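Structure data follow from target03.cif (mmCIF, C-alpha atoms):
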```cif
data_my_file
#
loop_
_atom_site.group_PDB
_atom_site.id
_atom_site.type_symbol
_atom_site.label_atom_id
_atom_site.label_comp_id
_atom_site.auth_asym_id
_atom_site.auth_seq_id
_atom_site.Cartn_x
_atom_site.Cartn_y
_atom_site.Cartn_z
ATOM 1 C CA MET A 112 -61.399 -111.840 -103.104
ATOM 2 C CA GLY A 113 -59.841 -114.820 -104.862
ATOM 3 C CA LYS A 114 -56.173 -114.414 -103.867
ATOM 4 C CA THR A 115 -54.468 -117.684 -103.079
ATOM 5 C CA ILE A 116 -52.778 -118.644 -99.831
ATOM 6 C CA PRO A 117 -49.242 -118.222 -101.250
ATOM 7 C CA ARG A 118 -50.158 -114.686 -102.384
ATOM 8 C CA CYS A 119 -51.405 -113.943 -98.879
ATOM 9 C CA LEU A 120 -48.170 -115.271 -97.437
ATOM 10 C CA GLU A 121 -46.210 -112.823 -99.533
ATOM 11 C CA GLN A 122 -48.121 -109.872 -98.122
ATOM 12 C CA LEU A 123 -48.742 -110.868 -94.533
ATOM 13 C CA ASP A 124 -46.631 -111.925 -91.624
ATOM 14 C CA LEU A 125 -49.044 -113.009 -88.928
ATOM 15 C CA ARG A 126 -46.388 -113.209 -86.298
ATOM 16 C CA LYS A 127 -45.340 -109.604 -86.817
ATOM 17 C CA SER A 128 -48.880 -108.371 -87.330
ATOM 18 C CA PHE A 129 -50.415 -109.991 -84.279
ATOM 19 C CA VAL A 130 -48.253 -111.897 -81.851
ATOM 20 C CA GLY A 131 -45.416 -109.419 -82.183
ATOM 21 C CA LEU A 132 -47.829 -106.700 -81.124
ATOM 22 C CA ALA A 133 -49.347 -108.688 -78.271
ATOM 23 C CA THR A 134 -48.634 -106.177 -75.566
ATOM 24 C CA GLY A 135 -52.126 -106.121 -74.106
ATOM 25 C CA ALA A 136 -55.522 -107.754 -73.959
ATOM 26 C CA GLY A 137 -56.719 -106.172 -77.207
ATOM 27 C CA ALA A 138 -53.985 -107.651 -79.407
ATOM 28 C CA LEU A 139 -54.311 -111.035 -77.766
ATOM 29 C CA TYR A 140 -58.033 -110.939 -78.379
ATOM 30 C CA LEU A 141 -57.444 -110.391 -82.098
ATOM 31 C CA LEU A 142 -55.117 -113.369 -82.213
ATOM 32 C CA TYR A 143 -57.609 -115.473 -80.279
ATOM 33 C CA LYS A 144 -60.402 -114.594 -82.712
ATOM 34 C CA ALA A 145 -58.184 -115.312 -85.694
ATOM 35 C CA ILE A 146 -57.114 -118.754 -84.519
ATOM 36 C CA ARG A 147 -60.628 -119.702 -83.503
ATOM 37 C CA ALA A 148 -61.982 -118.687 -86.893
ATOM 38 C CA SER A 149 -59.396 -120.809 -88.728
ATOM 39 C CA ILE A 150 -61.325 -124.018 -88.255
ATOM 40 C CA LYS A 151 -64.277 -122.835 -90.330
ATOM 41 C CA CYS A 152 -62.614 -120.622 -92.944
ATOM 42 C CA GLN A 153 -62.719 -121.713 -96.564
ATOM 43 C CA PRO A 154 -61.140 -120.290 -99.742
ATOM 44 C CA PRO A 155 -61.298 -118.011 -101.645
ATOM 45 C CA LEU A 156 -59.428 -115.731 -99.287
ATOM 46 C CA CYS A 157 -58.142 -112.181 -99.345
ATOM 47 C CA SER A 158 -55.101 -110.712 -97.621
ATOM 48 C CA ASN A 159 -56.977 -108.165 -95.522
ATOM 49 C CA SER A 160 -59.608 -110.615 -94.245
ATOM 50 C CA PRO A 161 -59.517 -111.955 -90.672
ATOM 51 C CA ILE A 162 -60.442 -115.312 -92.189
ATOM 52 C CA CYS A 163 -57.342 -115.210 -94.382
ATOM 53 C CA ILE A 164 -55.209 -114.323 -91.378
ATOM 54 C CA ALA A 165 -56.706 -117.214 -89.461
ATOM 55 C CA ARG A 166 -55.996 -119.629 -92.314
ATOM 56 C CA LEU A 167 -52.389 -118.473 -92.329
ATOM 57 C CA ALA A 168 -52.140 -119.059 -88.610
ATOM 58 C CA GLU A 169 -53.275 -122.636 -88.990
ATOM 59 C CA ALA A 170 -51.153 -123.263 -92.072
ATOM 60 C CA SER A 171 -47.625 -122.374 -91.046
ATOM 61 C CA THR A 172 -47.079 -118.805 -89.923
ATOM 62 C CA CYS A 173 -47.468 -119.297 -86.173
ATOM 63 C CA THR A 174 -44.545 -120.966 -84.458
ATOM 64 C CA MET A 175 -43.655 -122.454 -81.083
ATOM 65 C CA ASP A 176 -42.062 -119.113 -80.231
ATOM 66 C CA ASP A 177 -45.460 -117.509 -80.666
ATOM 67 C CA ILE A 178 -46.872 -119.875 -78.061
ATOM 68 C CA ASN A 179 -44.139 -118.843 -75.638
ATOM 69 C CA LEU A 180 -44.792 -115.187 -76.367
ATOM 70 C CA VAL A 181 -48.486 -115.554 -75.596
ATOM 71 C CA ALA A 182 -47.664 -117.601 -72.484
ATOM 72 C CA GLU A 183 -45.464 -114.769 -71.209
ATOM 73 C CA MET A 184 -48.614 -112.663 -70.973
ATOM 74 C CA LEU A 185 -49.777 -114.971 -68.171
ATOM 75 C CA ASP A 186 -47.372 -113.035 -65.945
ATOM 76 C CA ASP A 187 -48.906 -109.672 -66.821
ATOM 77 C CA LYS A 188 -50.199 -107.649 -63.864
ATOM 78 C CA ASP A 189 -53.482 -107.004 -65.660
ATOM 79 C CA ASN A 190 -55.962 -109.847 -65.176
ATOM 80 C CA SER A 191 -57.678 -109.010 -68.461
ATOM 81 C CA VAL A 192 -54.399 -109.706 -70.277
ATOM 82 C CA LYS A 193 -54.051 -113.013 -68.448
ATOM 83 C CA ILE A 194 -57.594 -113.948 -69.455
ATOM 84 C CA GLN A 195 -57.003 -113.156 -73.122
ATOM 85 C CA ALA A 196 -53.722 -115.078 -73.029
ATOM 86 C CA LEU A 197 -55.524 -118.111 -71.621
ATOM 87 C CA SER A 198 -58.244 -117.837 -74.269
ATOM 88 C CA THR A 199 -55.617 -117.545 -77.003
ATOM 89 C CA LEU A 200 -53.772 -120.619 -75.743
ATOM 90 C CA LYS A 201 -57.100 -122.436 -75.699
ATOM 91 C CA ALA A 202 -57.575 -121.520 -79.361
ATOM 92 C CA PHE A 203 -54.037 -122.689 -80.175
ATOM 93 C CA SER A 204 -54.699 -125.967 -78.374
ATOM 94 C CA GLY A 205 -57.157 -126.857 -81.116
ATOM 95 C CA ILE A 206 -54.186 -127.172 -83.488
ATOM 96 C CA ARG A 207 -52.478 -130.507 -82.897
ATOM 97 C CA LYS A 208 -48.908 -129.390 -83.482
ATOM 98 C CA PHE A 209 -49.117 -126.873 -80.625
ATOM 99 C CA ARG A 210 -50.669 -129.048 -77.918
ATOM 100 C CA LEU A 211 -47.468 -130.473 -76.466
ATOM 101 C CA LYS A 212 -45.967 -127.000 -76.294
ATOM 102 C CA ILE A 213 -49.001 -125.613 -74.504
ATOM 103 C CA GLN A 214 -48.845 -128.484 -71.981
ATOM 104 C CA GLU A 215 -45.560 -127.019 -70.767
ATOM 105 C CA HIS A 216 -47.515 -124.082 -69.350
ATOM 106 C CA CYS A 217 -50.109 -126.148 -67.461
ATOM 107 C CA ILE A 218 -48.403 -125.600 -64.110
ATOM 108 C CA LYS A 219 -48.589 -121.839 -64.570
ATOM 109 C CA VAL A 220 -52.272 -122.070 -65.477
ATOM 110 C CA LEU A 221 -52.976 -124.162 -62.385
ATOM 111 C CA GLU A 222 -51.152 -121.592 -60.265
ATOM 112 C CA LEU A 223 -53.289 -118.786 -61.674
ATOM 113 C CA ILE A 224 -56.660 -120.423 -61.081
ATOM 114 C CA SER A 225 -55.687 -121.451 -57.559
ATOM 115 C CA THR A 226 -54.291 -118.089 -56.419
ATOM 116 C CA ILE A 227 -56.448 -115.487 -58.220
ATOM 117 C CA TRP A 228 -60.139 -115.392 -57.333
ATOM 118 C CA ASP A 229 -61.557 -114.116 -60.604
ATOM 119 C CA LEU A 230 -64.532 -115.788 -62.281
ATOM 120 C CA GLU A 231 -63.533 -114.966 -65.877
ATOM 121 C CA LEU A 232 -59.970 -116.094 -65.264
ATOM 122 C CA HIS A 233 -61.217 -119.348 -63.737
ATOM 123 C CA VAL A 234 -63.439 -120.007 -66.744
ATOM 124 C CA ALA A 235 -60.656 -119.292 -69.263
ATOM 125 C CA GLY A 236 -58.072 -121.336 -67.369
ATOM 126 C CA LEU A 237 -60.357 -124.319 -66.800
ATOM 127 C CA ARG A 238 -61.472 -124.370 -70.432
ATOM 128 C CA LEU A 239 -57.837 -124.550 -71.475
ATOM 129 C CA LEU A 240 -57.001 -127.340 -69.013
ATOM 130 C CA ASN A 241 -60.068 -129.336 -70.026
ATOM 131 C CA ASN A 242 -58.917 -129.165 -73.635
ATOM 132 C CA LEU A 243 -55.542 -130.743 -72.874
ATOM 133 C CA PRO A 244 -54.384 -134.189 -71.762
ATOM 134 C CA LEU A 245 -52.580 -133.236 -68.546
ATOM 135 C CA PRO A 246 -49.167 -134.943 -68.331
ATOM 136 C CA ASP A 247 -48.133 -136.914 -65.255
ATOM 137 C CA TYR A 248 -45.457 -134.419 -64.272
ATOM 138 C CA VAL A 249 -48.122 -131.856 -63.325
ATOM 139 C CA HIS A 250 -49.720 -134.221 -60.781
ATOM 140 C CA PRO A 251 -47.721 -132.813 -57.825
ATOM 141 C CA GLN A 252 -49.012 -129.331 -58.677
ATOM 142 C CA LEU A 253 -52.521 -130.723 -59.081
ATOM 143 C CA ARG A 254 -52.353 -132.103 -55.541
ATOM 144 C CA ARG A 255 -51.465 -128.661 -54.245
ATOM 145 C CA VAL A 256 -54.329 -126.923 -56.045
ATOM 146 C CA MET A 257 -56.960 -129.591 -55.326
ATOM 147 C CA PRO A 258 -58.420 -127.676 -52.332
ATOM 148 C CA ALA A 259 -58.774 -124.578 -54.515
ATOM 149 C CA LEU A 260 -60.560 -126.552 -57.245
ATOM 150 C CA MET A 261 -62.893 -128.022 -54.649
ATOM 151 C CA GLU A 262 -63.594 -124.539 -53.314
ATOM 152 C CA ILE A 263 -64.402 -123.288 -56.823
ATOM 153 C CA ILE A 264 -67.135 -125.895 -57.333
ATOM 154 C CA GLN A 265 -68.685 -124.868 -54.007
ATOM 155 C CA SER A 266 -68.658 -121.134 -54.720
ATOM 156 C CA ASP A 267 -71.757 -119.085 -55.462
ATOM 157 C CA CYS A 268 -70.963 -119.209 -59.181
ATOM 158 C CA ILE A 269 -70.553 -122.957 -59.623
ATOM 159 C CA LEU A 270 -68.363 -123.690 -62.634
ATOM 160 C CA VAL A 271 -69.197 -126.776 -64.663
ATOM 161 C CA GLN A 272 -65.655 -126.577 -66.044
ATOM 162 C CA ALA A 273 -64.197 -127.155 -62.570
ATOM 163 C CA VAL A 274 -66.409 -130.192 -61.964
ATOM 164 C CA ARG A 275 -65.404 -131.580 -65.360
ATOM 165 C CA LEU A 276 -61.711 -131.188 -64.572
ATOM 166 C CA LEU A 277 -62.076 -132.897 -61.183
ATOM 167 C CA SER A 278 -64.055 -135.680 -62.849
ATOM 168 C CA TYR A 279 -61.187 -136.233 -65.278
ATOM 169 C CA LEU A 280 -58.609 -136.197 -62.473
ATOM 170 C CA ALA A 281 -60.661 -138.668 -60.422
ATOM 171 C CA GLN A 282 -59.797 -141.282 -63.031
ATOM 172 C CA LYS A 283 -56.095 -140.929 -62.204
ATOM 173 C CA ASN A 284 -55.156 -143.573 -59.631
ATOM 174 C CA ASP A 285 -52.485 -141.453 -57.957
ATOM 175 C CA LEU A 286 -54.841 -138.490 -57.511
ATOM 176 C CA LEU A 287 -57.978 -140.253 -56.334
ATOM 177 C CA TYR A 288 -57.166 -140.191 -52.613
ATOM 178 C CA ASP A 289 -56.183 -136.513 -52.754
ATOM 179 C CA ILE A 290 -59.575 -135.689 -54.236
ATOM 180 C CA LEU A 291 -61.541 -137.859 -51.819
ATOM 181 C CA ASN A 292 -59.721 -136.433 -48.802
ATOM 182 C CA CYS A 293 -60.325 -132.805 -49.792
ATOM 183 C CA GLN A 294 -62.283 -130.850 -47.214
ATOM 184 C CA VAL A 295 -65.770 -129.802 -48.310
ATOM 185 C CA ARG A 296 -68.530 -127.721 -46.773
ATOM 186 C CA PRO A 297 -71.356 -129.363 -44.801
ATOM 187 C CA ASN A 298 -73.797 -128.447 -47.592
ATOM 188 C CA PHE A 299 -71.744 -130.064 -50.368
ATOM 189 C CA LEU A 300 -74.629 -132.343 -51.355
ATOM 190 C CA ASN A 301 -76.579 -129.265 -52.434
ATOM 191 C CA LEU A 302 -74.795 -129.813 -55.742
ATOM 192 C CA PHE A 303 -77.068 -132.841 -56.186
ATOM 193 C CA GLN A 304 -80.318 -130.968 -55.605
ATOM 194 C CA SER A 305 -82.868 -131.426 -58.381
ATOM 195 C CA SER A 306 -83.204 -127.635 -58.602
ATOM 196 C CA GLN A 307 -79.672 -127.343 -60.014
ATOM 197 C CA PRO A 308 -79.299 -126.869 -63.795
ATOM 198 C CA GLY A 309 -79.390 -130.158 -65.680
ATOM 199 C CA SER A 310 -75.966 -129.563 -67.233
ATOM 200 C CA LEU A 311 -74.400 -129.140 -63.800
ATOM 201 C CA LEU A 312 -76.213 -132.164 -62.357
ATOM 202 C CA LEU A 313 -74.958 -134.302 -65.214
ATOM 203 C CA GLU A 314 -71.337 -133.294 -64.616
ATOM 204 C CA VAL A 315 -71.633 -133.735 -60.841
ATOM 205 C CA LEU A 316 -73.138 -137.201 -61.288
ATOM 206 C CA VAL A 317 -70.380 -138.241 -63.690
ATOM 207 C CA PHE A 318 -67.870 -136.994 -61.106
ATOM 208 C CA ALA A 319 -69.579 -139.066 -58.397
ATOM 209 C CA GLU A 320 -69.588 -142.136 -60.629
ATOM 210 C CA HIS A 321 -65.855 -141.846 -61.307
ATOM 211 C CA LEU A 322 -65.152 -141.442 -57.601
ATOM 212 C CA SER A 323 -67.329 -144.419 -56.724
ATOM 213 C CA GLU A 324 -65.738 -146.636 -59.352
ATOM 214 C CA GLY A 325 -62.272 -145.566 -58.284
ATOM 215 C CA ARG A 326 -62.782 -146.278 -54.578
ATOM 216 C CA ASN A 327 -64.360 -149.650 -55.404
ATOM 217 C CA ALA A 328 -61.402 -150.742 -57.537
ATOM 218 C CA THR A 329 -59.517 -153.720 -56.108
ATOM 219 C CA HIS A 330 -56.156 -151.957 -55.935
ATOM 220 C CA TYR A 331 -57.672 -148.977 -54.100
ATOM 221 C CA ARG A 332 -59.548 -151.099 -51.560
ATOM 222 C CA ALA A 333 -56.349 -153.035 -50.870
ATOM 223 C CA VAL A 334 -55.103 -150.011 -48.905
ATOM 224 C CA LYS A 335 -56.634 -148.834 -45.642
ATOM 225 C CA TRP A 336 -57.191 -145.142 -46.300
ATOM 226 C CA HIS A 337 -57.939 -142.579 -43.620
ATOM 227 C CA TYR A 338 -60.137 -139.574 -44.379
ATOM 228 C CA ASN A 339 -60.787 -136.453 -42.373
ATOM 229 C CA GLU A 340 -64.292 -136.016 -41.003
ATOM 230 C CA GLN A 341 -65.173 -133.173 -43.380
ATOM 231 C CA SER A 342 -63.738 -134.842 -46.461
ATOM 232 C CA LEU A 343 -65.436 -135.336 -49.800
ATOM 233 C CA HIS A 344 -65.314 -139.073 -49.126
ATOM 234 C CA GLU A 345 -67.375 -138.714 -45.965
ATOM 235 C CA ALA A 346 -69.836 -136.354 -47.657
ATOM 236 C CA LEU A 347 -70.467 -138.827 -50.476
ATOM 237 C CA PHE A 348 -69.743 -142.269 -49.084
ATOM 238 C CA GLY A 349 -69.590 -141.930 -45.292
ATOM 239 C CA ASP A 350 -72.013 -143.622 -42.908
ATOM 240 C CA GLU A 351 -73.908 -140.364 -42.368
ATOM 241 C CA SER A 352 -74.048 -139.383 -46.043
ATOM 242 C CA LYS A 353 -77.425 -138.503 -47.564
ATOM 243 C CA LEU A 354 -76.195 -139.108 -51.117
ATOM 244 C CA ALA A 355 -78.563 -142.059 -51.632
ATOM 245 C CA ASP A 356 -81.581 -139.844 -50.939
ATOM 246 C CA ARG A 357 -80.371 -137.242 -53.436
ATOM 247 C CA LEU A 358 -79.740 -139.887 -56.085
ATOM 248 C CA LEU A 359 -83.190 -141.405 -55.711
ATOM 249 C CA SER A 360 -84.783 -137.994 -56.142
ATOM 250 C CA LEU A 361 -82.807 -137.530 -59.379
ATOM 251 C CA VAL A 362 -84.059 -140.806 -60.829
ATOM 252 C CA ILE A 363 -87.332 -138.974 -61.522
ATOM 253 C CA HIS A 364 -85.652 -135.805 -62.794
ATOM 254 C CA PRO A 365 -87.345 -134.256 -65.876
ATOM 255 C CA GLU A 366 -84.176 -134.684 -67.963
ATOM 256 C CA GLU A 367 -83.566 -138.236 -69.119
ATOM 257 C CA GLU A 368 -79.776 -137.884 -69.193
ATOM 258 C CA VAL A 369 -79.803 -136.923 -65.518
ATOM 259 C CA GLN A 370 -82.050 -139.909 -64.704
ATOM 260 C CA ILE A 371 -79.710 -142.314 -66.491
ATOM 261 C CA GLN A 372 -76.589 -140.904 -64.884
ATOM 262 C CA ALA A 373 -78.169 -141.050 -61.410
ATOM 263 C CA CYS A 374 -78.936 -144.721 -61.995
ATOM 264 C CA LYS A 375 -75.315 -145.316 -63.039
ATOM 265 C CA VAL A 376 -74.082 -143.823 -59.776
ATOM 266 C CA ILE A 377 -76.503 -145.991 -57.794
ATOM 267 C CA VAL A 378 -75.243 -149.110 -59.574
ATOM 268 C CA SER A 379 -71.613 -148.119 -58.973
ATOM 269 C CA LEU A 380 -72.349 -147.718 -55.255
ATOM 270 C CA GLN A 381 -73.819 -151.211 -55.113
ATOM 271 C CA CYS A 382 -71.366 -153.042 -57.331
ATOM 272 C CA PRO A 383 -67.602 -153.046 -56.590
ATOM 273 C CA GLN A 384 -65.521 -153.731 -59.700
ATOM 274 C CA ASP A 385 -64.224 -157.082 -58.474
ATOM 275 C CA LEU A 386 -67.832 -158.353 -58.360
ATOM 276 C CA GLY A 387 -68.208 -157.706 -62.067
ATOM 277 C CA SER A 388 -67.999 -161.449 -62.777
ATOM 278 C CA ARG A 389 -71.014 -161.974 -60.480
ATOM 279 C CA PRO A 390 -73.604 -159.561 -61.887
ATOM 280 C CA SER A 391 -76.520 -161.155 -60.087
ATOM 281 C CA SER A 392 -75.042 -160.132 -56.747
ATOM 282 C CA CYS A 393 -75.074 -156.437 -57.471
ATOM 283 C CA ARG A 394 -77.467 -155.675 -60.298
ATOM 284 C CA PRO A 395 -80.413 -153.696 -58.887
ATOM 285 C CA SER A 396 -83.946 -154.625 -59.872
ATOM 286 C CA HIS A 397 -86.624 -152.146 -60.908
ATOM 287 C CA SER A 398 -88.051 -152.335 -57.401
ATOM 288 C CA TYR A 399 -84.825 -150.810 -56.096
ATOM 289 C CA PHE A 400 -85.684 -147.495 -57.695
ATOM 290 C CA LYS A 401 -89.325 -147.677 -56.648
ATOM 291 C CA THR A 402 -88.823 -148.466 -52.979
ATOM 292 C CA GLY A 403 -85.432 -146.862 -52.387
ATOM 293 C CA GLU A 404 -84.128 -149.971 -50.682
#
```

Represent the structure of the file as structure tokens.
Amino acid sequence: MGKTIPRCLEQLDLRKSFVGLATGAGALYLLYKAIRASIKCQPPLCSNSPICIARLAEASTCTMDDINLVAEMLDDKDNSVKIQALSTLKAFSGIRKFRLKIQEHCIKVLELISTIWDLELHVAGLRLLNNLPLPDYVHPQLRRVMPALMEIIQSDCILVQAVRLLSYLAQKNDLLYDILNCQVRPNFLNLFQSSQPGSLLLEVLVFAEHLSEGRNATHYRAVKWHYNEQSLHEALFGDESKLADRLLSLVIHPEEEVQIQACKVIVSLQCPQDLGSRPSSCRPSHSYFKTGE
């Protein structure tokens, strides 16, 4: 113990020791663990410590070429290698200087999660995407994978990460219609059942709020949009939607955060953005929540 960072640099070459050997899931996992540990490591350090290796990774040893090398593993035939590559890129994304480089591989990540039905791969890919600001040039690819993302949130293993990504995308004006017109199952509103985990309900309600605010925006309502009968729009905001009933049941949910978010969605449904200067016309009273009117 007690060796300094320069001394470690003389004895170790992280790129050769780890990334250069990244020929499978095991090596990628080591790199992932090292990068993730770098945030918390503190001196003194020693050359044979994983913490020291992690510190070196954050300091200067890892390069943009290393990012590309890890990204190449996304094309590996073994799904476990793909998963470790995604997790490693997620760890790298916590280092500011690598974020722009990692963004270049977003399209590949979107392709993976939309074409391979693997729960662990979905989780790893979605965690990476949720940790990055997605550039505008990936929007065309996002439109193509939107049905797959919608299918993921309706699967037996509902992924909060997928809901969170869709919630983020719903705030993009040029993607809002694509999301609202996605086809959903007849039982889509089961996501709003009070029996769902609180963490999932919170994300679903935030998603609904963003969709409601987006469709109520003046520029969106200026266009006459057409939705298919089984679209997300019809499930949430159509004449036959039962969303209001689900929201009212969540106002008395045991978790306060869920209660508050349900109320926010109710307000957004009643108050288009261009009425913001006339709050008295759309602000619900306490009796609204009591009577369900």

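Our summary of the geometry notes that CA of Pro258 (chain A) is positioned 15.9 Å from CA of Phe318 (chain A).
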
Could you list, as a VMD selection string, every residue matched by the PyMOL selection byres ((chain A and resi 216) around 10) in this structure? chain A and resid 178 to 179 182 to 183 185 200 211 to 215 217 to 221 249

Residues picked by the PyMOL selection byres ((chain A and resi 289-301) around 8) here, as a ChimeraX atom specification? /A:254,257-258,261-262,265,277,281,286-288,302-304,322,338-339,341-344,346-347,353-354,357

From CA of Trp336 (chain A) to CA of Lys375 (chain A) the spacing works out at 24.7 Å

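CA of Gln282 (chain A) is positioned 27.9 Å from CA of Thr199 (chain A).
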
Mind checking which residues fall within 12 Å of Leu232 (chain A), counting all atoms listed in the file, ignoring those fewer than 2 positions away in the same chain, and posting them as an mmCIF file with C-alpha atoms, in the frame of the given file?
```cif
data_model
loop_
_atom_site.group_PDB
_atom_site.id
_atom_site.type_symbol
_atom_site.label_atom_id
_atom_site.label_comp_id
_atom_site.auth_asym_id
_atom_site.auth_seq_id
_atom_site.Cartn_x
_atom_site.Cartn_y
_atom_site.Cartn_z
ATOM 1 C CA LEU A 185 -49.777 -114.971 -68.171
ATOM 2 C CA ASP A 189 -53.482 -107.004 -65.660
ATOM 3 C CA ASN A 190 -55.962 -109.847 -65.176
ATOM 4 C CA SER A 191 -57.678 -109.010 -68.461
ATOM 5 C CA VAL A 192 -54.399 -109.706 -70.277
ATOM 6 C CA LYS A 193 -54.051 -113.013 -68.448
ATOM 7 C CA ILE A 194 -57.594 -113.948 -69.455
ATOM 8 C CA GLN A 195 -57.003 -113.156 -73.122
ATOM 9 C CA ALA A 196 -53.722 -115.078 -73.029
ATOM 10 C CA LEU A 197 -55.524 -118.111 -71.621
ATOM 11 C CA SER A 198 -58.244 -117.837 -74.269
ATOM 12 C CA VAL A 220 -52.272 -122.070 -65.477
ATOM 13 C CA LEU A 221 -52.976 -124.162 -62.385
ATOM 14 C CA GLU A 222 -51.152 -121.592 -60.265
ATOM 15 C CA LEU A 223 -53.289 -118.786 -61.674
ATOM 16 C CA ILE A 224 -56.660 -120.423 -61.081
ATOM 17 C CA SER A 225 -55.687 -121.451 -57.559
ATOM 18 C CA THR A 226 -54.291 -118.089 -56.419
ATOM 19 C CA ILE A 227 -56.448 -115.487 -58.220
ATOM 20 C CA TRP A 228 -60.139 -115.392 -57.333
ATOM 21 C CA ASP A 229 -61.557 -114.116 -60.604
ATOM 22 C CA LEU A 230 -64.532 -115.788 -62.281
ATOM 23 C CA VAL A 234 -63.439 -120.007 -66.744
ATOM 24 C CA ALA A 235 -60.656 -119.292 -69.263
ATOM 25 C CA GLY A 236 -58.072 -121.336 -67.369
ATOM 26 C CA LEU A 237 -60.357 -124.319 -66.800
ATOM 27 C CA ARG A 238 -61.472 -124.370 -70.432
ATOM 28 C CA LEU A 239 -57.837 -124.550 -71.475
ATOM 29 C CA ILE A 263 -64.402 -123.288 -56.823
ATOM 30 C CA LEU A 270 -68.363 -123.690 -62.634
ATOM 31 C CA GLN A 272 -65.655 -126.577 -66.044
#
```

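Counting all atoms listed in the file and comparing A:Val181, A:Ala355, A:Ala373, A:Val378, the residue that lies closest to Val315 (chain A) is A:Ala373.
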
Show which residues sit within 10 Å of Lys283 (chain A), as a short mmCIF file (atom, residue, chain, number, x, y, z; two decimals) with C-alpha atoms, in the coordinates of the input. Count all atoms listed in the file, and ignore same-chain residues fewer than 6 positions away.
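The result, stored in part.cif:
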```
data_model
loop_
_atom_site.label_atom_id
_atom_site.label_comp_id
_atom_site.auth_asym_id
_atom_site.auth_seq_id
_atom_site.Cartn_x
_atom_site.Cartn_y
_atom_site.Cartn_z
CA ASP A 247 -48.13 -136.91 -65.26
CA HIS A 250 -49.72 -134.22 -60.78
CA HIS A 321 -65.86 -141.85 -61.31
CA GLY A 325 -62.27 -145.57 -58.28
#
```

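Once the PyMOL selection byres ((chain A and resi 380) around 10) is applied to the shown structure, the selection contains A:Ala319, A:Glu320, A:Leu322, A:Ser323, A:Glu324, A:Arg326, A:Asn327, A:Phe348, A:Ala355, A:Cys374, A:Lys375, A:Val376, A:Ile377, A:Val378, A:Ser379, A:Gln381, A:Cys382, A:Pro383, A:Cys393.
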